[in-house]
$ cat model.cif   # mmCIF, C-alpha atoms
data_model
#
loop_
_atom_site.group_PDB
_atom_site.id
_atom_site.type_symbol
_atom_site.label_atom_id
_atom_site.label_comp_id
_atom_site.auth_asym_id
_atom_site.auth_seq_id
_atom_site.Cartn_x
_atom_site.Cartn_y
_atom_site.Cartn_z
ATOM 1 C CA ARG A 6 -20.942 -13.217 2.666
ATOM 2 C CA GLU A 7 -22.500 -10.233 0.876
ATOM 3 C CA VAL A 8 -19.866 -7.904 2.315
ATOM 4 C CA VAL A 9 -17.072 -10.216 1.154
ATOM 5 C CA GLU A 10 -18.527 -10.262 -2.371
ATOM 6 C CA ARG A 11 -19.044 -6.486 -2.473
ATOM 7 C CA ASP A 12 -15.376 -5.868 -1.672
ATOM 8 C CA GLU A 13 -14.587 -6.880 -5.259
ATOM 9 C CA THR A 14 -16.869 -4.073 -6.461
ATOM 10 C CA VAL A 15 -15.100 -1.579 -4.211
ATOM 11 C CA ASN A 16 -11.730 -2.751 -5.549
ATOM 12 C CA SER A 17 -12.941 -2.319 -9.141
ATOM 13 C CA LEU A 18 -14.187 1.186 -8.391
ATOM 14 C CA ASP A 19 -10.823 2.021 -6.828
ATOM 15 C CA VAL A 20 -8.982 0.999 -10.010
ATOM 16 C CA GLN A 21 -11.497 2.838 -12.201
ATOM 17 C CA LEU A 22 -11.222 6.051 -10.187
ATOM 18 C CA ASP A 23 -7.418 5.887 -10.250
ATOM 19 C CA GLU A 24 -7.542 5.681 -14.050
ATOM 20 C CA GLU A 25 -9.946 8.610 -14.232
ATOM 21 C CA ILE A 26 -7.753 10.705 -11.932
ATOM 22 C CA VAL A 27 -4.638 9.980 -14.011
ATOM 23 C CA ASN A 28 -6.536 10.908 -17.186
ATOM 24 C CA LEU A 29 -7.811 14.106 -15.573
ATOM 25 C CA ILE A 30 -4.293 15.125 -14.542
ATOM 26 C CA ALA A 31 -2.865 14.278 -17.962
ATOM 27 C CA LEU A 32 -5.584 16.013 -19.973
ATOM 28 C CA ARG A 33 -6.458 19.009 -17.779
ATOM 29 C CA GLN A 34 -3.174 19.605 -15.934
ATOM 30 C CA PRO A 35 -4.878 21.099 -12.876
ATOM 31 C CA MET A 36 -2.979 23.638 -10.798
ATOM 32 C CA GLY A 37 -3.363 25.259 -7.398
ATOM 33 C CA GLY A 38 -6.666 24.550 -5.678
ATOM 34 C CA ASP A 39 -7.817 22.255 -8.482
ATOM 35 C CA LEU A 40 -4.737 20.081 -8.097
ATOM 36 C CA ARG A 41 -5.254 20.018 -4.339
ATOM 37 C CA THR A 42 -8.813 18.810 -4.929
ATOM 38 C CA VAL A 43 -7.655 16.022 -7.241
ATOM 39 C CA VAL A 44 -4.944 14.905 -4.793
ATOM 40 C CA ALA A 45 -7.359 14.954 -1.838
ATOM 41 C CA ILE A 46 -9.933 12.923 -3.764
ATOM 42 C CA ALA A 47 -7.299 10.398 -4.889
ATOM 43 C CA LYS A 48 -6.101 9.921 -1.327
ATOM 44 C CA ALA A 49 -9.659 9.666 0.038
ATOM 45 C CA VAL A 50 -10.520 7.021 -2.554
ATOM 46 C CA THR A 51 -7.546 4.943 -1.400
ATOM 47 C CA ASP A 52 -8.678 5.187 2.202
ATOM 48 C CA LEU A 53 -12.235 4.243 1.270
ATOM 49 C CA GLU A 54 -10.950 1.151 -0.543
ATOM 50 C CA ARG A 55 -9.035 0.211 2.589
ATOM 51 C CA VAL A 56 -12.188 0.693 4.682
ATOM 52 C CA GLY A 57 -13.771 -1.853 2.346
ATOM 53 C CA ASP A 58 -10.890 -4.233 3.036
ATOM 54 C CA GLU A 59 -11.428 -3.855 6.784
ATOM 55 C CA ALA A 60 -15.171 -4.460 6.379
ATOM 56 C CA GLU A 61 -14.371 -7.615 4.420
ATOM 57 C CA LYS A 62 -12.021 -8.731 7.218
ATOM 58 C CA ILE A 63 -14.801 -8.237 9.776
ATOM 59 C CA ALA A 64 -17.209 -10.207 7.587
ATOM 60 C CA ARG A 65 -14.719 -13.068 7.235
ATOM 61 C CA MET A 66 -14.163 -13.170 11.006
ATOM 62 C CA THR A 67 -17.938 -13.218 11.525
ATOM 63 C CA ILE A 68 -18.278 -16.145 9.133
ATOM 64 C CA GLU A 69 -15.491 -17.939 10.968
ATOM 65 C CA MET A 70 -17.012 -17.278 14.385
ATOM 66 C CA TYR A 71 -20.565 -18.246 13.452
ATOM 67 C CA GLY A 72 -20.349 -20.334 10.298
ATOM 68 C CA GLY A 73 -18.282 -23.302 11.398
ATOM 69 C CA ASP A 74 -18.607 -26.315 13.611
ATOM 70 C CA GLN A 75 -17.348 -24.517 16.700
ATOM 71 C CA ASN A 76 -19.567 -22.924 19.311
ATOM 72 C CA PRO A 77 -20.270 -19.247 18.798
ATOM 73 C CA PRO A 78 -18.235 -16.914 21.016
ATOM 74 C CA LYS A 79 -19.482 -16.046 24.469
ATOM 75 C CA LYS A 80 -21.247 -12.683 24.604
ATOM 76 C CA ARG A 81 -18.743 -11.243 27.056
ATOM 77 C CA LEU A 82 -15.997 -11.678 24.435
ATOM 78 C CA LEU A 83 -17.992 -9.506 22.040
ATOM 79 C CA ARG A 84 -18.739 -6.636 24.436
ATOM 80 C CA SER A 85 -16.353 -4.120 22.872
ATOM 81 C CA ILE A 86 -17.440 -4.704 19.266
ATOM 82 C CA LYS A 87 -20.770 -2.857 19.153
ATOM 83 C CA PRO A 88 -19.602 0.407 20.785
ATOM 84 C CA MET A 89 -16.480 0.432 18.628
ATOM 85 C CA ALA A 90 -18.507 -0.308 15.480
ATOM 86 C CA THR A 91 -20.892 2.539 16.300
ATOM 87 C CA HIS A 92 -18.000 4.917 16.961
ATOM 88 C CA ALA A 93 -16.109 3.894 13.787
ATOM 89 C CA SER A 94 -19.277 4.259 11.669
ATOM 90 C CA GLU A 95 -20.013 7.711 13.079
ATOM 91 C CA LEU A 96 -16.422 8.779 12.540
ATOM 92 C CA LEU A 97 -16.474 7.602 8.917
ATOM 93 C CA ARG A 98 -19.851 9.245 8.262
ATOM 94 C CA ASP A 99 -18.703 12.544 9.795
ATOM 95 C CA SER A 100 -15.429 12.448 7.865
ATOM 96 C CA LEU A 101 -17.209 11.877 4.568
ATOM 97 C CA ASP A 102 -19.751 14.567 5.414
ATOM 98 C CA SER A 103 -17.002 17.060 6.236
ATOM 99 C CA PHE A 104 -15.277 16.186 2.946
ATOM 100 C CA ALA A 105 -18.461 16.584 0.884
ATOM 101 C CA ARG A 106 -19.431 19.880 2.575
ATOM 102 C CA LEU A 107 -15.877 21.185 3.009
ATOM 103 C CA ASP A 108 -16.678 21.618 6.696
ATOM 104 C CA LEU A 109 -13.407 22.516 8.399
ATOM 105 C CA GLU A 110 -14.692 22.394 11.977
ATOM 106 C CA LYS A 111 -16.262 18.966 11.504
ATOM 107 C CA ALA A 112 -13.065 17.669 9.873
ATOM 108 C CA VAL A 113 -10.942 18.876 12.800
ATOM 109 C CA ALA A 114 -13.393 17.348 15.291
ATOM 110 C CA SER A 115 -13.259 14.021 13.433
ATOM 111 C CA VAL A 116 -9.468 13.960 13.528
ATOM 112 C CA GLN A 117 -9.568 14.576 17.259
ATOM 113 C CA ARG A 118 -12.246 11.897 17.892
ATOM 114 C CA ASP A 119 -10.087 9.142 16.403
ATOM 115 C CA GLU A 120 -8.095 9.103 19.652
ATOM 116 C CA GLU A 121 -11.261 8.022 21.496
ATOM 117 C CA LEU A 122 -11.598 5.008 19.204
ATOM 118 C CA ASP A 123 -7.930 4.144 19.792
ATOM 119 C CA GLN A 124 -8.609 4.197 23.532
ATOM 120 C CA GLU A 125 -11.660 1.939 23.085
ATOM 121 C CA PHE A 126 -9.468 -0.492 21.154
ATOM 122 C CA ALA A 127 -6.860 -0.564 23.945
ATOM 123 C CA ALA A 128 -9.591 -1.110 26.546
ATOM 124 C CA GLY A 129 -11.088 -3.911 24.440
ATOM 125 C CA LEU A 130 -7.707 -5.623 24.216
ATOM 126 C CA ARG A 131 -7.236 -5.418 27.983
ATOM 127 C CA GLU A 132 -10.695 -6.878 28.531
ATOM 128 C CA LEU A 133 -10.017 -9.740 26.120
ATOM 129 C CA MET A 134 -6.698 -10.523 27.813
ATOM 130 C CA THR A 135 -8.528 -10.758 31.130
ATOM 131 C CA TYR A 136 -11.005 -13.257 29.669
ATOM 132 C CA VAL A 137 -8.213 -15.354 28.189
ATOM 133 C CA MET A 138 -6.369 -15.420 31.520
ATOM 134 C CA GLU A 139 -9.566 -16.589 33.233
ATOM 135 C CA ASP A 140 -10.299 -19.297 30.643
ATOM 136 C CA SER A 141 -7.622 -20.234 28.110
ATOM 137 C CA ARG A 142 -10.152 -22.270 26.103
ATOM 138 C CA VAL A 143 -11.504 -19.027 24.610
ATOM 139 C CA ILE A 144 -8.172 -17.988 23.106
ATOM 140 C CA GLY A 145 -9.200 -18.850 19.527
ATOM 141 C CA GLN A 146 -12.449 -16.917 19.798
ATOM 142 C CA ALA A 147 -10.667 -14.042 21.525
ATOM 143 C CA MET A 148 -8.168 -13.821 18.660
ATOM 144 C CA ASN A 149 -11.016 -13.500 16.157
ATOM 145 C CA VAL A 150 -12.471 -10.682 18.242
ATOM 146 C CA VAL A 151 -9.047 -8.998 18.331
ATOM 147 C CA TRP A 152 -9.010 -9.042 14.511
ATOM 148 C CA VAL A 153 -12.489 -7.488 14.449
ATOM 149 C CA ILE A 154 -11.750 -4.678 16.900
ATOM 150 C CA LYS A 155 -8.416 -3.980 15.177
ATOM 151 C CA ALA A 156 -10.295 -3.659 11.874
ATOM 152 C CA LEU A 157 -12.718 -1.213 13.517
ATOM 153 C CA GLU A 158 -9.791 0.784 14.885
ATOM 154 C CA ARG A 159 -8.258 0.890 11.379
ATOM 155 C CA ILE A 160 -11.574 2.107 9.916
ATOM 156 C CA GLY A 161 -11.310 4.991 12.374
ATOM 157 C CA ASP A 162 -7.764 5.675 11.171
ATOM 158 C CA HIS A 163 -8.955 5.800 7.559
ATOM 159 C CA ALA A 164 -11.805 8.134 8.537
ATOM 160 C CA LYS A 165 -9.279 10.371 10.295
ATOM 161 C CA ASN A 166 -7.162 10.389 7.123
ATOM 162 C CA ILE A 167 -10.153 11.543 5.080
ATOM 163 C CA SER A 168 -10.722 14.388 7.550
ATOM 164 C CA GLU A 169 -7.056 15.331 7.256
ATOM 165 C CA TYR A 170 -7.438 15.455 3.457
ATOM 166 C CA THR A 171 -10.445 17.723 3.954
ATOM 167 C CA ILE A 172 -8.307 20.106 6.003
ATOM 168 C CA PHE A 173 -5.616 19.955 3.307
ATOM 169 C CA LEU A 174 -8.226 20.680 0.658
ATOM 170 C CA ILE A 175 -9.648 23.686 2.510
ATOM 171 C CA LYS A 176 -6.523 25.199 4.067
ATOM 172 C CA GLY A 177 -3.719 23.839 1.898
ATOM 173 C CA THR A 178 -2.025 22.628 5.103
ATOM 174 C CA ASP A 179 -0.821 19.060 5.553
ATOM 175 C CA VAL A 180 -1.886 18.059 9.072
ATOM 176 C CA ARG A 181 -1.215 14.322 8.846
ATOM 177 C CA HIS A 182 1.433 14.371 11.553
ATOM 178 C CA VAL A 183 0.119 17.177 13.733
ATOM 179 C CA ASP A 184 -0.879 16.357 17.316
ATOM 180 C CA PRO A 185 -4.714 16.313 17.385
ATOM 181 C CA GLU A 186 -4.715 18.283 20.662
ATOM 182 C CA PHE A 187 -3.132 21.265 18.946
ATOM 183 C CA LEU A 188 -4.861 20.841 15.608
ATOM 184 C CA ALA A 189 -7.794 23.149 16.296
ATOM 185 C CA SER A 190 -5.564 26.009 17.410
ATOM 186 C CA ASP A 191 -3.317 25.586 14.356
ATOM 187 C CA VAL A 192 -6.016 25.181 11.698
ATOM 188 C CA LEU A 193 -9.282 26.765 12.798
ATOM 189 C CA PRO A 194 -9.661 30.531 12.494
ATOM 190 C CA GLY A 195 -9.313 32.390 15.801
ATOM 191 C CA ASP A 196 -12.176 34.038 17.674
#
$ encode --input "model.cif" --output "structure tokens"
Amino acid sequence: REVVERDETVNSLDVQLDEEIVNLIALRQPMGGDLRTVVAIAKAVTDLERVGDEAEKIARMTIEMYGGDQNPPKKRLLRSIKPMATHASELLRDSLDSFARLDLEKAVASVQRDEELDQEFAAGLRELMTYVMEDSRVIGQAMNVVWVIKALERIGDHAKNISEYTIFLIKGTDVRHVDPEFLASDVLPGD
């Protein structure tokens, strides 16, 4: 319930930062690297607000799974949540750290690690489908878990975006649609 309430604060901060960014552009008219910094920050703020939305979604699903009259979900339905949550949290932390420190190598590594989270999501879906096929009575609970793991996967996508903005900020190269396998060779300085 706290997370749901705090999402309103995140939304307010998003609006406030957008206003400040518009004022900064209007009053200072940044160019070159300064403009790149402002654009990267504006985009990162948007992704952080969306991370807040995904956290709120997870909180609402948790309330639904544990706050009602129904039985809580069986533990085997929840197996994929904790590893995905750990991975998504680490990815977000590393992305924000790379942004704050302008750490190109860490940003590239974070972009590449998002694929691992996508694979965990796919594996979690397969596992949930197996449970539903074994016992169709768990379909409602399984759907709630699908919403949770999808939200975790989206948090990873937003973290990846922040790392891509870091690369843009440092190198001036837009890597949003570059294959992560080839990213390091395209962006990182050679040996």
$ axis_aligned_box --input "model.cif" --around "region 162-173 of chain A" --padding-each-side "4 Å" --output "JSON"
{"center_x": -8.7, "center_y": 12.9, "center_z": 7.2, "size_x": 14.2, "size_y": 22.4, "size_z": 15.9}
$ closest_residue --input "model.cif" --among "A:Asp52, A:Glu7, A:Glu69, A:Glu169" --to "Glu110 (chain A)" --atoms "all atoms listed in the file"
A:Glu169
$ residues_around --input "model.cif" --residues "Val9 (chain A)" --least-positions-apart "2" --cutoff "9 Å" --atoms "only C-alpha atoms" --output "PyMOL selection string"
chain A and resi 6-7+11-13+58+60-62+64-65
$ closest_residue --input "model.cif" --among "A:Thr171, A:Thr91, A:Asn149, A:Ser17" --to "Arg41 (chain A)" --atoms "all atoms listed in the file"
A:Thr171
$ closest_residue --input "model.cif" --among "A:Leu97, A:Ile86, A:Ala105, A:Leu174" --to "Lys155 (chain A)" --atoms "all atoms listed in the file"
A:Ile86
$ residues_around --input "model.cif" --residues "region 113-121 of chain A" --least-positions-apart "4" --cutoff "8 Å" --atoms "all atoms listed in the file" --output "PyMOL selection string"
chain A and resi 96+99-100+109+125+161-162+164-166+168-169+172+185-186+188-189
$ closest_residue --input "model.cif" --among "A:Glu95, A:Glu59, A:Asp102, A:Asp39" --to "Arg159 (chain A)" --atoms "only C-alpha atoms"
A:Glu59
$ resolve_selection --input "model.cif" --expression "the PyMOL selection byres ((chain A and resi 44) around 12)" --output "list in words"
Asp23, Ile26, Val27, Leu29, Ile30, Pro35, Met36, Gly37, Gly38, Asp39, Leu40, Arg41, Thr42, Val43, Ala45, Ile46, Ala47, Lys48, Ala49, Val50, Thr51, Ile167, Tyr170, Thr171, Phe173, Leu174, Gly177 and Asp179 of chain A
$ closest_residue --input "model.cif" --among "A:Asp184, A:Glu10, A:Glu24, A:Glu158" --to "Ala90 (chain A)" --atoms "all atoms listed in the file"
A:Glu158
$ closest_residue --input "model.cif" --among "A:Arg84, A:Gly129, A:Leu53, A:Gly73" --to "Leu101 (chain A)" --atoms "only C-alpha atoms"
A:Leu53
$ resolve_selection --input "model.cif" --expression "the PyMOL selection byres ((chain A and resi 79) around 12)" --output "VMD selection string"
chain A and resid 70 to 71 75 to 78 80 to 84 133 136 to 137 140 142 to 147 150
$ atom_distance --input "model.cif" --atom1 "CA of Met89 (chain A)" --atom2 "CA of Leu18 (chain A)"
27.1 Å
$ decode --input "model.cif" --residues "region 26-64 of chain A" --atoms "N, CA and C atoms" --output "PDB file, in the first residue's frame"
ATOM      1  N   ILE A  26      13.104  21.254 -16.814  1.00  0.00           N
ATOM      2  CA  ILE A  26      13.875  21.013 -18.034  1.00  0.00           C
ATOM      3  C   ILE A  26      13.444  21.969 -19.136  1.00  0.00           C
ATOM      4  N   VAL A  27      12.137  22.171 -19.298  1.00  0.00           N
ATOM      5  CA  VAL A  27      11.641  23.113 -20.305  1.00  0.00           C
ATOM      6  C   VAL A  27      12.144  24.521 -19.997  1.00  0.00           C
ATOM      7  N   ASN A  28      12.081  24.917 -18.735  1.00  0.00           N
ATOM      8  CA  ASN A  28      12.585  26.244 -18.343  1.00  0.00           C
ATOM      9  C   ASN A  28      14.080  26.369 -18.613  1.00  0.00           C
ATOM     10  N   LEU A  29      14.837  25.337 -18.307  1.00  0.00           N
ATOM     11  CA  LEU A  29      16.274  25.349 -18.552  1.00  0.00           C
ATOM     12  C   LEU A  29      16.570  25.523 -20.038  1.00  0.00           C
ATOM     13  N   ILE A  30      15.854  24.783 -20.877  1.00  0.00           N
ATOM     14  CA  ILE A  30      16.070  24.898 -22.325  1.00  0.00           C
ATOM     15  C   ILE A  30      15.687  26.293 -22.807  1.00  0.00           C
ATOM     16  N   ALA A  31      14.566  26.803 -22.328  1.00  0.00           N
ATOM     17  CA  ALA A  31      14.103  28.122 -22.771  1.00  0.00           C
ATOM     18  C   ALA A  31      15.034  29.241 -22.315  1.00  0.00           C
ATOM     19  N   LEU A  32      15.509  29.166 -21.082  1.00  0.00           N
ATOM     20  CA  LEU A  32      16.312  30.252 -20.529  1.00  0.00           C
ATOM     21  C   LEU A  32      17.794  30.160 -20.886  1.00  0.00           C
ATOM     22  N   ARG A  33      18.335  28.955 -20.938  1.00  0.00           N
ATOM     23  CA  ARG A  33      19.780  28.781 -21.136  1.00  0.00           C
ATOM     24  C   ARG A  33      20.155  28.406 -22.572  1.00  0.00           C
ATOM     25  N   GLN A  34      19.211  27.869 -23.309  1.00  0.00           N
ATOM     26  CA  GLN A  34      19.436  27.422 -24.683  1.00  0.00           C
ATOM     27  C   GLN A  34      20.733  26.617 -24.813  1.00  0.00           C
ATOM     28  N   PRO A  35      20.791  25.478 -24.115  1.00  0.00           N
ATOM     29  CA  PRO A  35      22.022  24.681 -24.147  1.00  0.00           C
ATOM     30  C   PRO A  35      22.307  24.147 -25.554  1.00  0.00           C
ATOM     31  N   MET A  36      23.589  23.968 -25.828  1.00  0.00           N
ATOM     32  CA  MET A  36      24.007  23.448 -27.132  1.00  0.00           C
ATOM     33  C   MET A  36      25.034  22.347 -26.916  1.00  0.00           C
ATOM     34  N   GLY A  37      25.242  21.554 -27.935  1.00  0.00           N
ATOM     35  CA  GLY A  37      26.276  20.520 -27.914  1.00  0.00           C
ATOM     36  C   GLY A  37      26.108  19.547 -26.764  1.00  0.00           C
ATOM     37  N   GLY A  38      27.199  19.355 -26.024  1.00  0.00           N
ATOM     38  CA  GLY A  38      27.212  18.404 -24.911  1.00  0.00           C
ATOM     39  C   GLY A  38      26.213  18.753 -23.827  1.00  0.00           C
ATOM     40  N   ASP A  39      26.003  20.066 -23.599  1.00  0.00           N
ATOM     41  CA  ASP A  39      25.027  20.462 -22.578  1.00  0.00           C
ATOM     42  C   ASP A  39      23.613  20.057 -22.981  1.00  0.00           C
ATOM     43  N   LEU A  40      23.285  20.224 -24.255  1.00  0.00           N
ATOM     44  CA  LEU A  40      21.969  19.828 -24.726  1.00  0.00           C
ATOM     45  C   LEU A  40      21.806  18.307 -24.642  1.00  0.00           C
ATOM     46  N   ARG A  41      22.865  17.597 -24.971  1.00  0.00           N
ATOM     47  CA  ARG A  41      22.832  16.135 -24.861  1.00  0.00           C
ATOM     48  C   ARG A  41      22.558  15.720 -23.418  1.00  0.00           C
ATOM     49  N   THR A  42      23.177  16.411 -22.474  1.00  0.00           N
ATOM     50  CA  THR A  42      22.967  16.111 -21.059  1.00  0.00           C
ATOM     51  C   THR A  42      21.510  16.338 -20.672  1.00  0.00           C
ATOM     52  N   VAL A  43      20.948  17.457 -21.098  1.00  0.00           N
ATOM     53  CA  VAL A  43      19.559  17.771 -20.766  1.00  0.00           C
ATOM     54  C   VAL A  43      18.616  16.731 -21.374  1.00  0.00           C
ATOM     55  N   VAL A  44      18.847  16.360 -22.625  1.00  0.00           N
ATOM     56  CA  VAL A  44      17.997  15.366 -23.289  1.00  0.00           C
ATOM     57  C   VAL A  44      18.107  14.019 -22.574  1.00  0.00           C
ATOM     58  N   ALA A  45      19.329  13.602 -22.253  1.00  0.00           N
ATOM     59  CA  ALA A  45      19.523  12.316 -21.577  1.00  0.00           C
ATOM     60  C   ALA A  45      18.830  12.305 -20.212  1.00  0.00           C
ATOM     61  N   ILE A  46      18.938  13.388 -19.476  1.00  0.00           N
ATOM     62  CA  ILE A  46      18.283  13.468 -18.172  1.00  0.00           C
ATOM     63  C   ILE A  46      16.766  13.423 -18.335  1.00  0.00           C
ATOM     64  N   ALA A  47      16.236  14.163 -19.309  1.00  0.00           N
ATOM     65  CA  ALA A  47      14.785  14.170 -19.532  1.00  0.00           C
ATOM     66  C   ALA A  47      14.280  12.774 -19.861  1.00  0.00           C
ATOM     67  N   LYS A  48      15.005  12.060 -20.702  1.00  0.00           N
ATOM     68  CA  LYS A  48      14.588  10.713 -21.071  1.00  0.00           C
ATOM     69  C   LYS A  48      14.709   9.760 -19.873  1.00  0.00           C
ATOM     70  N   ALA A  49      15.777   9.893 -19.101  1.00  0.00           N
ATOM     71  CA  ALA A  49      15.963   9.028 -17.930  1.00  0.00           C
ATOM     72  C   ALA A  49      14.858   9.259 -16.903  1.00  0.00           C
ATOM     73  N   VAL A  50      14.469  10.506 -16.724  1.00  0.00           N
ATOM     74  CA  VAL A  50      13.391  10.822 -15.779  1.00  0.00           C
ATOM     75  C   VAL A  50      12.100  10.119 -16.201  1.00  0.00           C
ATOM     76  N   THR A  51      11.803  10.133 -17.491  1.00  0.00           N
ATOM     77  CA  THR A  51      10.610   9.459 -17.993  1.00  0.00           C
ATOM     78  C   THR A  51      10.669   7.964 -17.693  1.00  0.00           C
ATOM     79  N   ASP A  52      11.828   7.359 -17.932  1.00  0.00           N
ATOM     80  CA  ASP A  52      11.953   5.939 -17.640  1.00  0.00           C
ATOM     81  C   ASP A  52      11.839   5.653 -16.151  1.00  0.00           C
ATOM     82  N   LEU A  53      12.382   6.517 -15.319  1.00  0.00           N
ATOM     83  CA  LEU A  53      12.260   6.308 -13.875  1.00  0.00           C
ATOM     84  C   LEU A  53      10.803   6.412 -13.417  1.00  0.00           C
ATOM     85  N   GLU A  54      10.050   7.325 -14.020  1.00  0.00           N
ATOM     86  CA  GLU A  54       8.625   7.424 -13.678  1.00  0.00           C
ATOM     87  C   GLU A  54       7.915   6.146 -14.074  1.00  0.00           C
ATOM     88  N   ARG A  55       8.285   5.580 -15.195  1.00  0.00           N
ATOM     89  CA  ARG A  55       7.655   4.333 -15.643  1.00  0.00           C
ATOM     90  C   ARG A  55       8.069   3.154 -14.763  1.00  0.00           C
ATOM     91  N   VAL A  56       9.282   3.177 -14.237  1.00  0.00           N
ATOM     92  CA  VAL A  56       9.686   2.157 -13.256  1.00  0.00           C
ATOM     93  C   VAL A  56       8.767   2.249 -12.042  1.00  0.00           C
ATOM     94  N   GLY A  57       8.462   3.475 -11.625  1.00  0.00           N
ATOM     95  CA  GLY A  57       7.526   3.665 -10.516  1.00  0.00           C
ATOM     96  C   GLY A  57       6.159   3.077 -10.817  1.00  0.00           C
ATOM     97  N   ASP A  58       5.704   3.255 -12.062  1.00  0.00           N
ATOM     98  CA  ASP A  58       4.416   2.669 -12.460  1.00  0.00           C
ATOM     99  C   ASP A  58       4.450   1.145 -12.369  1.00  0.00           C
ATOM    100  N   GLU A  59       5.560   0.557 -12.790  1.00  0.00           N
ATOM    101  CA  GLU A  59       5.685  -0.909 -12.728  1.00  0.00           C
ATOM    102  C   GLU A  59       5.747  -1.383 -11.273  1.00  0.00           C
ATOM    103  N   ALA A  60       6.426  -0.635 -10.424  1.00  0.00           N
ATOM    104  CA  ALA A  60       6.471  -0.983  -8.997  1.00  0.00           C
ATOM    105  C   ALA A  60       5.072  -0.912  -8.392  1.00  0.00           C
ATOM    106  N   GLU A  61       4.309   0.105  -8.790  1.00  0.00           N
ATOM    107  CA  GLU A  61       2.934   0.218  -8.306  1.00  0.00           C
ATOM    108  C   GLU A  61       2.111  -0.985  -8.781  1.00  0.00           C
ATOM    109  N   LYS A  62       2.303  -1.398 -10.019  1.00  0.00           N
ATOM    110  CA  LYS A  62       1.576  -2.555 -10.556  1.00  0.00           C
ATOM    111  C   LYS A  62       1.887  -3.809  -9.737  1.00  0.00           C
ATOM    112  N   ILE A  63       3.168  -3.996  -9.404  1.00  0.00           N
ATOM    113  CA  ILE A  63       3.566  -5.146  -8.595  1.00  0.00           C
ATOM    114  C   ILE A  63       2.908  -5.077  -7.217  1.00  0.00           C
ATOM    115  N   ALA A  64       2.895  -3.883  -6.636  1.00  0.00           N
ATOM    116  CA  ALA A  64       2.268  -3.712  -5.319  1.00  0.00           C
ATOM    117  C   ALA A  64       0.779  -4.030  -5.383  1.00  0.00           C
TER     118      ALA A  64
END
